4 protein chains.
Amino acid sequence: MDSSTPQLGIGQVGYAFMGAAHSQAWQTAPRFFDLPMHPELRVLCGRDPAALAEAARRFGWQSTETDWTRLVARDDVDLIDICTPGDTHADIAIAALDAGKHVLCEKPLANTVAEAQAMTAAADRAAGRGVLAMVGFTYRRVPAVALARRLVEQGRIGEIRHVRAQYLQDWLADAAAPMTWRLDKEKAGSGALGDIAAHVVDLTQHITGERILTVTGLLETFVHERPLPAQGSTARLGASNGSAAATGPVTVDDTAMFLARFGDGAVGVFEATRAATGRKNAIRVEVNGSKGSLAFDFEDMNVLQFFDAEEPSDTAGFRRILVTEPDHPYTGHWWPPGHGLGYEHGFTHQVADLVTAIGGGQQPLPSFADGLQVQAVLAAVERSAAAGTWEPTELPAAAPTATDARGTHA
Amino acid sequence: MDSSTPQLGIGQVGYAFMGAAHSQAWQTAPRFFDLPMHPELRVLCGRDPAALAEAARRFGWQSTETDWTRLVARDDVDLIDICTPGDTHADIAIAALDAGKHVLCEKPLANTVAEAQAMTAAADRAAGRGVLAMVGFTYRRVPAVALARRLVEQGRIGEIRHVRAQYLQDWLADAAAPMTWRLDKEKAGSGALGDIAAHVVDLTQHITGERILTVTGLLETFVHERPLPAQGSTARLGASNGSAAATGPVTVDDTAMFLARFGDGAVGVFEATRAATGRKNAIRVEVNGSKGSLAFDFEDMNVLQFFDAEEPSDTAGFRRILVTEPDHPYTGHWWPPGHGLGYEHGFTHQVADLVTAIGGGQQPLPSFADGLQVQAVLAAVERSAAAGTWEPTELPAAAPTATDARGTHA
Amino acid sequence: MDSSTPQLGIGQVGYAFMGAAHSQAWQTAPRFFDLPMHPELRVLCGRDPAALAEAARRFGWQSTETDWTRLVARDDVDLIDICTPGDTHADIAIAALDAGKHVLCEKPLANTVAEAQAMTAAADRAAGRGVLAMVGFTYRRVPAVALARRLVEQGRIGEIRHVRAQYLQDWLADAAAPMTWRLDKEKAGSGALGDIAAHVVDLTQHITGERILTVTGLLETFVHERPLPAQGSTARLGASNGSAAATGPVTVDDTAMFLARFGDGAVGVFEATRAATGRKNAIRVEVNGSKGSLAFDFEDMNVLQFFDAEEPSDTAGFRRILVTEPDHPYTGHWWPPGHGLGYEHGFTHQVADLVTAIGGGQQPLPSFADGLQVQAVLAAVERSAAAGTWEPTELPAAAPTATDARGTHA
Amino acid sequence: MDSSTPQLGIGQVGYAFMGAAHSQAWQTAPRFFDLPMHPELRVLCGRDPAALAEAARRFGWQSTETDWTRLVARDDVDLIDICTPGDTHADIAIAALDAGKHVLCEKPLANTVAEAQAMTAAADRAAGRGVLAMVGFTYRRVPAVALARRLVEQGRIGEIRHVRAQYLQDWLADAAAPMTWRLDKEKAGSGALGDIAAHVVDLTQHITGERILTVTGLLETFVHERPLPAQGSTARLGASNGSAAATGPVTVDDTAMFLARFGDGAVGVFEATRAATGRKNAIRVEVNGSKGSLAFDFEDMNVLQFFDAEEPSDTAGFRRILVTEPDHPYTGHWWPPGHGLGYEHGFTHQVADLVTAIGGGQQPLPSFADGLQVQAVLAAVERSAAAGTWEPTELPAAAPTATDARGTHA
């Protein structure tokens with residue numbers, strides 16, 4: 001990257017948790033990766049002008065907009081990065097793609113399959129004009145996960161038989177943890193299912209290179225009423241008025257669990273929960289194949305466990321590979337061996353991969369179609385949980401139109 | 001235990017893997033535990049006279065019998081210990097109980113629910129005469145597991161929400177591993193389901209104190225034909241004649257997986273497999289409650305992980321409790337802290353608990369009724385796997401008679 | 001931090017490994033921490049104009065200088081950050097302090113005690129004028145290490161008896177690893193001793209709050225000749241001419257080991273090596289006290305192990321504290337629980353602490369005096385290794401003057 | 001082993017902790033190993049007739065003696081197993097060997113080098129008559145340790161550079177732990193040094209196949225007065241009379257630490273302590289070689305960690321080898337893979353190895369000469385701790401006579 005590197009004007013919508021992670025990634029990626037285009041932090045977009053100004057100053061954005069439709073219309077923006085809640089993704093992404101902007105959209109792609117289908121259709125249309133879209137399953141870009149994918153591709157674990165995946169958190173284990181919009185089905189769509197099960201669905205399909213075909217699952221809510229935060233109006237959460245200890249109803253799942261069958265004959269067990277006391281962000285994936293096994297836990301994110309069954313039995317054992325060597329994915333761009341990376345590095349890798357794909361005119365992965373397929377798996381889990389049956393993840397052939405899809409949230 | 005301690009005459013059927021473990025336990029228990037009766041190794045019973053004589057000499061049995069009906073008839077035997085394959089359990093146990101002998105029966109209690117019901121009925125009849133029966137789920141008696149149970153009873157993890165259980169082995173991961181009778185449904189009843197899933201069903205119900213009410217599961221076989229061992233007749237396994245590389249059909253499951261709902265509202269994920277490459281005997285149970293969590297892995301059997309959510313958050317973490325302290329279950333009878341126990345200690349504890357119960361006239365646990373209930377859970381998994389539905393584990397009210405039950409294997 | 005926050009003009013010398021880590025930290029700190037002054041990346045200083053320009057563009061430095069004396073003279077620079085090899089530290093730091101610039105100096109403070117004394121004297125003079133100096137032992141600012149210090153201060157482990165510290169790397173385990181200036185005593189001063197033992201000396205003294213008083217140690221070199229890199233002149237490394245496989249002599253230690261006695265009666269075992277095959281950056285510190293123990297390993301950097309001996313013995317065990325909670329040191333400024341940090345976060349914390357200290361007119365820690373004391377410990381190890389005796393770490397009362405000190409490297 | 005197997009009459013002195021472990025091993029070894037001679041538990045010897053009778057009954061000894069000189073004189077005893085405190089070893093072992101009995105002697109071989117020399121001389125004399133002696137460093141016979149030795153012998157870790165050994169216990173961490181004879185120098189000889197450092201000296205020399213040549217160390221006592229047990233006379237421990245809270249002086253070390261140089265150029269760090277709070281029986285050995293590394297911790301005794309530097313760097317990592325495979329040392333005699341062993345299995349392996357050696361007329365290892373050499377290392381540590389210098393471990397050429405040696409304890 002020298003002074004002749006073309007610029008890529010970035011506009012980002014949202015400046016909270018994900019907004020901070022993305023801003024830092026846009027700043028950091030060009031320092032550690034040689035990119036074909038230089039990301040310029042042109043516009044930060046949000047609704048609260050004061051908070052927006054503060055976030056823009058803090059993270060180095062050159063200007064702000066309080067209306068995303070104006071952001072989409074700006075000539076100096078080449079890529080829109082969507083960091084808002086899921087119910088706004090479809091509108092922004094479709095408008096941006098139709099306006100000729102590349103799009104990076106946070107996961108889940110949308111709150112409904114219909115929205116995700118409309119977004120995918122928009123991405124398909126845009127791709128014909130060289131405008132590219134990607135969904136942000138950043139955990140794929142943890143070096144240990146990328147190494148797991150590489151070892152599977154190299155055939156090191158043989159034919160895959162078992163997938164064992166868990167996403168365990170505990171912030172709802174305490175019945176006194178307060179009500180939030182995330183626990184309101186109207187706003188959040190679902191609970192652990194859409195928020196965190198989505199990640200392990202993507203991760204396991206990415207690592208194995210196979211798709212989930214059928215599922216049977218259950219959804220469970222352990223705590224049905226939670227205290228409302230003291231401040232502000234509580235009406236929309238349905239709480240009774242006047243009570244000193246008002247509570248609101250939890251209308252989403254605390255946990256989602258399901259069995260799965262993959263296209264290659266492998267079987268899987270999945271579990272996502274916010275009530276696994278003591279587990280903070282334990283994204284665990286284990287894959288057993290005919291020739292070896294792989295295991296990963298995000299709570300020890302710089303490590304991949306690998307068992308090679310082709311070793312003689314007296315020296316075989318799960319190897320704790322510290323994924324910080326120069327020949328590991330991504331890590332050669334950072335520090336010497338043994339100097340681990342952290343959570344936000346995945347976002348920097350995502351930006352680096354995205355800008356590289358755009359610069360080379362390649363489809364960045366995971367695509368919106370990939371995001372839609374994850375959504376279809378989650379929808380099948382939801383159907384199976386309601387009916388107590390196995391459900392296929394394949395979508396019906398005739399997808400609704402984009403207009404119909406967006407209509408559902410109007 | 002002094003010279004006035006009454007004797008307890010033991011007759012054991014079977015002298016292979018389980019037979020060795022039980023013999024060693026009968027010898028060892030009175031050395032490390034103060035028992036109300038002294039086990040005398042009176043009779044070892046088996047069919048091959050030469051091998052039987054060698055086993056009896058090796059393990060210190062005073063005499064032998066080659067026909068279990070003669071064993072049951074002997075006056076000098078007070079307790080029959082059944083270490084044979086599952087399809088013989090019902091006949092031997094019922095005859096022994098009816099003859100007034102206490103019975104220790106290896107798990108699974110039987111190959112079918114009907115047999116298990118008949119055995120339980122016999123145990124009920126016998127109990128009225130002070131004759132006691134126990135089924136051998138020895139993993140309950142690993143000190144770390146017993147400590148887990150104690151902490152749950154003390155309320156240390158609060159209301160239970162999640163159970164996560166795996167029994168992972170890998171001896172069938174290699175498609176070249178040979179055919180055995182264990183892979184023949186007629187002989188073995190089922191594969192991973194009855195052999196190893198049974199253990200985690202018992203363990204999780206024991207630790208939580210709750211019963212599994214409904215399940216939905218799948219059974220899968222990855223390798224459908226396996227090479228026959230070179231020697232001897234292969235006819236009964238259905239192999240073609242005359243081939244240099246004869247194979248036989250595998251007619252049982254390599255893996256069993258299921259979701260479960262417990263009586264107290266907890267939900268569970270279960271997996272048992274013989275194809276988890278690199279996992280040798282990984283019996284893993286994790287339980288998450290409202291106030292804490294527990295985790296155990298038999299591959300690190302002297303350790304219990306405990307998370308106490310009542311700790312301040314800055315010093316909370318999973319504790320690696322080395323379960324070798326004098327105030328831990330069983331361990332005070334052995335060595336100083338830090339000097340771990342091994343696999344066969346569970347069998348010694350089982351003998352100690354059984355003899356203590358008999359001496360005190362108490363029902364030893366797990367009872368045959370407990371073994372039957374585990375069998376009912378496995379049967380529900382099998383039905384659900386066939387039908388793709390959730391199935392209750394509760395048995396129909398009218399159980400078949402003992403005669404009917406045994407008739408199914410005549 | 002709003003628009004009225006005063007600016008702090010930064011000039012940094014060096015742009016290699018440490019230069020990259022520091023640049024990233026100067027950029028990142030104000031985004032995640034509320035600082036009393038805003039760091040402005042004014043000048044990057046180095047000798048190679050082309051590489052310097054590229055580094056400045058990449059990391060966002062506003063201008064460059066190729067002569068550090070000009071950097072020190074610039075009015076728009078308030079703080080000089082020294083990221084060069086140890087033999088240049090004294091000249092730059094003393095000149096900067098004398099010119100009224102705050103100084104952040106990478107460790108080790110200097111290559112000799114005499115230089116470190118001169119620098120400390122300069123820091124003392126400067127402090128009288130409100131000009132502040134700090135040495136960069138960044139590992140103190142890993143959250144798990146900071147938590148360890150806090151628990152010791154709170155008395156959670158009682159009276160300290162044992163310190164067990166290792167810094168294990170393996171990049172010199174292979175005898176074919178090439179010669180570098182780091183293995184040349186003239187340039188590097190020492191090997192593992194000054195480069196990595198320095199870190200564990202600082203860490204253990206920081207965590208315990210106690211100073212090492214006496215030591216006995218050994219230094220060892222396993223590989224005495226190493227292949228020279230193919231390119232360029234090899235004369236200064238003493239290689240023979242004309243050989244196809246030229247080698248150069250290694251004149252520093254591969255490993256340093258020593259026993260230590262602390263001021264409070266604790267005893268310690270220290271080891272630093274670049275030949276511990278398989279250990280990449282294993283900075284391990286364990287401290288045992290009368291009431292508890294702490295253990296840390298940088299290869300699992302987001303974790304602190306804590307044993308609380310005041311727990312009842314049946315539930316006591318080393319707790320794996322995932323140091324990512326809001327009430328842990330530093331972590332509340334970053335991501336939710338379970339989302340770990342990486343190596344370079346320590347540098348960001350260092351900048352945040354330094355700017356906060358400068359803004360508040362407080363002495364930042366560790367001071368140059370702290371760095372000098374570490375140097376004195378290393379010197380005592382070197383003396384003891386040569387003489388085979390125990391050596392005190394206390395320095396003679398009369399320190400040489402700054403001029404004398406710098407003279408040793410003239 | 002069939003009925004024609006010759007018998008080996010065993011006489012054991014001592015029936016406490018070590019006595020129980022040895023008795024169980026004598027009973028168990030012939031059940032799981034094919035031995036050339038069958039151990040017969042002929043005589044148990046001790047001083048308290050009632051306790052002795054109870055122990056003999058419990059562990060199946062056929063008769064008892066209360067005077068070891070009578071035991072040594074018995075014709076039906078072929079081997080004397082010495083499980084008494086160290087100050088009695090020399091007298092019993094020398095008498096037994098001179099009487100033509102094989103000897104197994106618990107470690108440490110003796111309390112002084114002089115005694116150990118006399119015992120070794122007796123063993124040398126006896127060997128000429130086909131009478132064999134072994135010292136009981138049982139940890140060599142933990143399968144993971146035996147595998148480590150095998151991998152070193154196979155050259156898998158190359159040239160050894162680093163040895164890192166710790167034996168950590170915590171039963172003296174609490175200043176309120178009571179006084180015992182083990183803390184009285186007159187009785188016990190030394191503290192952590194002779195009791196537990198001895199084990200790691202033997203283990204590291206065994207695994208590496210190299211001898212320690214020189215050492216420098218320190219001994220430290222953290223708690224100098226401890227409460228006397230309430231019951232009985234306290235006079236010989238020097239306590240003041242009449243006090244309700246009488247204490248006695250601790251006259252041995254709580255911890256021993258030393259640096260070491262091995263014969264092949266490797267360097268080592270050793271630490272043994274009874275004050276490492278939270279560590280119960282953590283015998284840890286790590287060995288780093290030019291081609292690989294090995295690590296063991298007795299608190300996870302069925303595991304050996306192995307790093308193979310000849311692996312490509314992207315899949316290299318420490319392997320957690322579960323040492324329970326049929327082709328691992330000893331484990332093929334026990335249970336299937338994944339079914340771990342415990343502390344006392346080492347004693348069973350010791351008996352099996354000893355009887356096999358006697359049956360084959362081979363010198364069992366470790367010999368008394370090996371035990372003497374360990375003693376010499378400990379003595380060098382003690383001298384170096386007193387003088388603050390490096391001390392050689394080689395013994396002076398002219399050893400004192402057996403009579404002189406025993407005289408020191410008369």
# chains A, B, ... in the order shown; residues from 1 in each chain; ligands from 1
>>> closest_atom_pairs(of="chain A", to="chain B", cutoff="6 Å", atoms="only C-alpha atoms", output="Markdown table")
| residue | atom | partner | partner_atom | distance |
| --- | --- | --- | --- | --- |
| A:Ala173 | CA | B:Ser290 | CA | 5.6 |
| A:Ala276 | CA | B:Asn288 | CA | 5.3 |
| A:Thr277 | CA | B:Asn288 | CA | 5.7 |
| A:Gly278 | CA | B:Phe307 | CA | 5.9 |
| A:Asn288 | CA | B:Ala276 | CA | 5.3 |
| A:Ser290 | CA | B:Ala173 | CA | 5.6 |
| A:Gly292 | CA | B:Thr277 | CA | 5.8 |
| A:Ser293 | CA | B:Thr277 | CA | 5.9 |
| A:Phe307 | CA | B:Gly278 | CA | 5.9 |
| A:Thr389 | CA | B:Thr389 | CA | 5.5 |
>>> atom_distance(atom1="atom CA of Gly19 of chain A", atom2="atom CA of Asp254 of chain A")
25.1 Å
>>> select_by_dssp(residues="segment 134-196 of chain C", states="helix (DSSP H, G or I)", output="number ranges by chain")
C: 138-141, 143-153, 181-183, 185-188, 192-196
>>> residues_around(residues="Arg149 of chain A", least_positions_apart="2", cutoff="9 Å", atoms="only C-alpha atoms", output="mmCIF file with N, CA and C atoms, in the first residue's frame")
data_model
loop_
_atom_site.group_PDB
_atom_site.id
_atom_site.type_symbol
_atom_site.label_atom_id
_atom_site.label_comp_id
_atom_site.auth_asym_id
_atom_site.auth_seq_id
_atom_site.Cartn_x
_atom_site.Cartn_y
_atom_site.Cartn_z
ATOM 1 N N ARG A 140 -15.309 -17.200 11.741
ATOM 2 C CA ARG A 140 -14.568 -17.938 10.719
ATOM 3 C C ARG A 140 -13.128 -17.473 10.623
ATOM 4 N N ALA A 144 -7.398 -20.033 14.563
ATOM 5 C CA ALA A 144 -7.546 -21.456 14.881
ATOM 6 C C ALA A 144 -8.685 -22.077 14.085
ATOM 7 N N VAL A 145 -9.747 -21.319 13.843
ATOM 8 C CA VAL A 145 -10.864 -21.824 13.049
ATOM 9 C C VAL A 145 -10.437 -21.948 11.587
ATOM 10 N N ALA A 146 -9.736 -20.963 11.106
ATOM 11 C CA ALA A 146 -9.279 -21.010 9.716
ATOM 12 C C ALA A 146 -8.310 -22.178 9.512
ATOM 13 N N LEU A 147 -7.516 -22.464 10.521
ATOM 14 C CA LEU A 147 -6.621 -23.628 10.432
ATOM 15 C C LEU A 147 -7.432 -24.926 10.417
ATOM 16 N N LEU A 151 -7.181 -27.833 7.557
ATOM 17 C CA LEU A 151 -6.860 -29.241 7.804
ATOM 18 C C LEU A 151 -7.953 -30.161 7.251
ATOM 19 N N VAL A 152 -9.209 -29.736 7.351
ATOM 20 C CA VAL A 152 -10.287 -30.541 6.756
ATOM 21 C C VAL A 152 -10.111 -30.588 5.242
ATOM 22 N N GLU A 153 -9.840 -29.434 4.649
ATOM 23 C CA GLU A 153 -9.653 -29.395 3.187
ATOM 24 C C GLU A 153 -8.485 -30.269 2.752
ATOM 25 N N GLN A 154 -7.458 -30.333 3.570
ATOM 26 C CA GLN A 154 -6.295 -31.155 3.244
ATOM 27 C C GLN A 154 -6.554 -32.645 3.488
ATOM 28 N N HIS A 206 -18.902 -24.210 7.750
ATOM 29 C CA HIS A 206 -17.674 -23.687 7.139
ATOM 30 C C HIS A 206 -16.510 -24.655 7.321
ATOM 31 N N ILE A 207 -16.328 -25.137 8.545
ATOM 32 C CA ILE A 207 -15.183 -26.014 8.816
ATOM 33 C C ILE A 207 -15.317 -27.329 8.060
ATOM 34 N N THR A 208 -16.527 -27.893 8.066
ATOM 35 C CA THR A 208 -16.701 -29.197 7.416
ATOM 36 C C THR A 208 -16.872 -29.069 5.911
ATOM 37 N N GLY A 209 -17.287 -27.903 5.441
ATOM 38 C CA GLY A 209 -17.590 -27.760 4.017
ATOM 39 C C GLY A 209 -18.879 -28.449 3.616
#
>>> select_by_dssp(residues="segment 314-358 of chain C", states="strand (DSSP E)", output="list in words")
Phe318, Arg319, Arg320, Ile321 and Leu322 of chain C
>>> write_last_selection(atoms="N, CA and C atoms", output="compact mmCIF listing (two decimals), in the first residue's frame")
# COMPACT_ATOMS: atom_id res chain seq x y z
N PHE C 318 -7.91 -25.01 42.16
CA PHE C 318 -7.47 -23.86 41.38
C PHE C 318 -8.62 -23.42 40.47
N ARG C 319 -8.97 -22.15 40.57
CA ARG C 319 -10.04 -21.60 39.74
C ARG C 319 -9.43 -21.02 38.48
N ARG C 320 -10.03 -21.37 37.37
CA ARG C 320 -9.64 -20.79 36.09
C ARG C 320 -10.49 -19.53 35.90
N ILE C 321 -9.96 -18.41 36.37
CA ILE C 321 -10.70 -17.15 36.23
C ILE C 321 -10.47 -16.60 34.83
N LEU C 322 -11.54 -16.48 34.07
CA LEU C 322 -11.45 -15.87 32.75
C LEU C 322 -11.50 -14.36 32.99
>>> residues_around(residues="Asp202 of chain A", least_positions_apart="3", cutoff="8 Å", atoms="only C-alpha atoms", output="JSON list (two decimals) with N, CA, C and O atoms, in the first residue's frame")
[["chain", "number", "residue", "atom", "x", "y", "z"],
["A", 137, "PHE", "N", -19.92, -13.21, 9.59],
["A", 137, "PHE", "CA", -19.66, -14.28, 10.57],
["A", 137, "PHE", "C", -18.17, -14.27, 10.88],
["A", 137, "PHE", "O", -17.39, -15.05, 10.34],
["A", 198, "ALA", "N", -26.75, -19.18, 15.52],
["A", 198, "ALA", "CA", -26.37, -18.82, 14.14],
["A", 198, "ALA", "C", -24.87, -18.97, 13.93],
["A", 198, "ALA", "O", -24.41, -19.46, 12.89],
["A", 199, "HIS", "N", -24.09, -18.55, 14.90],
["A", 199, "HIS", "CA", -22.63, -18.62, 14.75],
["A", 199, "HIS", "C", -22.13, -20.06, 14.63],
["A", 199, "HIS", "O", -21.28, -20.36, 13.79],
["A", 205, "GLN", "N", -20.60, -25.56, 9.43],
["A", 205, "GLN", "CA", -20.74, -25.77, 7.99],
["A", 205, "GLN", "C", -19.48, -25.29, 7.26],
["A", 205, "GLN", "O", -19.04, -25.90, 6.28],
["A", 206, "HIS", "N", -18.90, -24.21, 7.75],
["A", 206, "HIS", "CA", -17.67, -23.69, 7.14],
["A", 206, "HIS", "C", -16.51, -24.66, 7.32],
["A", 206, "HIS", "O", -15.80, -24.98, 6.37],
["A", 374, "VAL", "N", -27.98, -20.15, 6.46],
["A", 374, "VAL", "CA", -27.95, -20.25, 7.92],
["A", 374, "VAL", "C", -29.33, -19.92, 8.49],
["A", 374, "VAL", "O", -29.86, -20.62, 9.37]]
>>> residues_around(residues="Val13 of chain C", least_positions_apart="4", cutoff="9 Å", atoms="only C-alpha atoms", output="PyMOL selection string")
chain C and resi 19+43-46+65+68+71+80-84
>>> decode(residues="segment 308-324 of chain A", atoms="N, CA, C and O atoms", output="mmCIF file, in the first residue's frame")
data_model
loop_
_atom_site.group_PDB
_atom_site.id
_atom_site.type_symbol
_atom_site.label_atom_id
_atom_site.label_comp_id
_atom_site.auth_asym_id
_atom_site.auth_seq_id
_atom_site.Cartn_x
_atom_site.Cartn_y
_atom_site.Cartn_z
ATOM 1 N N ASP A 308 -4.414 -36.712 15.312
ATOM 2 C CA ASP A 308 -4.069 -37.323 14.037
ATOM 3 C C ASP A 308 -4.040 -38.839 14.233
ATOM 4 O O ASP A 308 -3.113 -39.384 14.834
ATOM 5 N N ALA A 309 -5.062 -39.532 13.707
ATOM 6 C CA ALA A 309 -5.160 -40.982 13.925
ATOM 7 C C ALA A 309 -4.152 -41.745 13.083
ATOM 8 O O ALA A 309 -4.016 -42.958 13.234
ATOM 9 N N GLU A 310 -3.432 -41.042 12.211
ATOM 10 C CA GLU A 310 -2.405 -41.729 11.426
ATOM 11 C C GLU A 310 -1.069 -41.811 12.162
ATOM 12 O O GLU A 310 -0.141 -42.455 11.691
ATOM 13 N N GLU A 311 -0.985 -41.141 13.305
ATOM 14 C CA GLU A 311 0.163 -41.319 14.202
ATOM 15 C C GLU A 311 0.146 -42.734 14.787
ATOM 16 O O GLU A 311 -0.943 -43.283 15.037
ATOM 17 N N PRO A 312 1.306 -43.313 15.096
ATOM 18 C CA PRO A 312 1.313 -44.559 15.875
ATOM 19 C C PRO A 312 0.589 -44.348 17.202
ATOM 20 O O PRO A 312 0.659 -43.254 17.782
ATOM 21 N N SER A 313 -0.094 -45.385 17.660
ATOM 22 C CA SER A 313 -0.962 -45.181 18.826
ATOM 23 C C SER A 313 -0.195 -44.796 20.085
ATOM 24 O O SER A 313 -0.748 -44.160 20.973
ATOM 25 N N ASP A 314 1.087 -45.150 20.172
ATOM 26 C CA ASP A 314 1.782 -44.836 21.433
ATOM 27 C C ASP A 314 2.193 -43.372 21.543
ATOM 28 O O ASP A 314 2.523 -42.905 22.633
ATOM 29 N N THR A 315 2.180 -42.647 20.425
ATOM 30 C CA THR A 315 2.492 -41.207 20.515
ATOM 31 C C THR A 315 1.336 -40.338 20.020
ATOM 32 O O THR A 315 1.508 -39.129 19.841
ATOM 33 N N ALA A 316 0.189 -40.929 19.780
ATOM 34 C CA ALA A 316 -0.963 -40.131 19.356
ATOM 35 C C ALA A 316 -1.620 -39.467 20.558
ATOM 36 O O ALA A 316 -1.661 -40.038 21.649
ATOM 37 N N GLY A 317 -2.119 -38.277 20.339
ATOM 38 C CA GLY A 317 -2.810 -37.547 21.398
ATOM 39 C C GLY A 317 -3.305 -36.233 20.833
ATOM 40 O O GLY A 317 -2.794 -35.782 19.800
ATOM 41 N N PHE A 318 -4.275 -35.643 21.481
ATOM 42 C CA PHE A 318 -4.726 -34.332 21.014
ATOM 43 C C PHE A 318 -3.592 -33.335 21.190
ATOM 44 O O PHE A 318 -3.036 -33.201 22.278
ATOM 45 N N ARG A 319 -3.250 -32.666 20.091
ATOM 46 C CA ARG A 319 -2.181 -31.657 20.120
ATOM 47 C C ARG A 319 -2.787 -30.298 20.385
ATOM 48 O O ARG A 319 -3.730 -29.900 19.723
ATOM 49 N N ARG A 320 -2.201 -29.602 21.322
ATOM 50 C CA ARG A 320 -2.597 -28.222 21.581
ATOM 51 C C ARG A 320 -1.753 -27.328 20.669
ATOM 52 O O ARG A 320 -0.643 -26.925 21.026
ATOM 53 N N ILE A 321 -2.291 -27.061 19.478
ATOM 54 C CA ILE A 321 -1.556 -26.211 18.530
ATOM 55 C C ILE A 321 -1.798 -24.755 18.913
ATOM 56 O O ILE A 321 -2.940 -24.288 18.910
ATOM 57 N N LEU A 322 -0.735 -24.064 19.257
ATOM 58 C CA LEU A 322 -0.831 -22.628 19.527
ATOM 59 C C LEU A 322 -0.797 -21.947 18.156
ATOM 60 O O LEU A 322 0.237 -21.950 17.480
ATOM 61 N N VAL A 323 -1.935 -21.418 17.748
ATOM 62 C CA VAL A 323 -2.075 -20.960 16.364
ATOM 63 C C VAL A 323 -1.548 -19.527 16.234
ATOM 64 O O VAL A 323 -2.303 -18.563 16.075
ATOM 65 N N THR A 324 -0.223 -19.427 16.343
ATOM 66 C CA THR A 324 0.430 -18.116 16.267
ATOM 67 C C THR A 324 1.702 -18.183 15.440
ATOM 68 O O THR A 324 2.548 -17.284 15.531
#
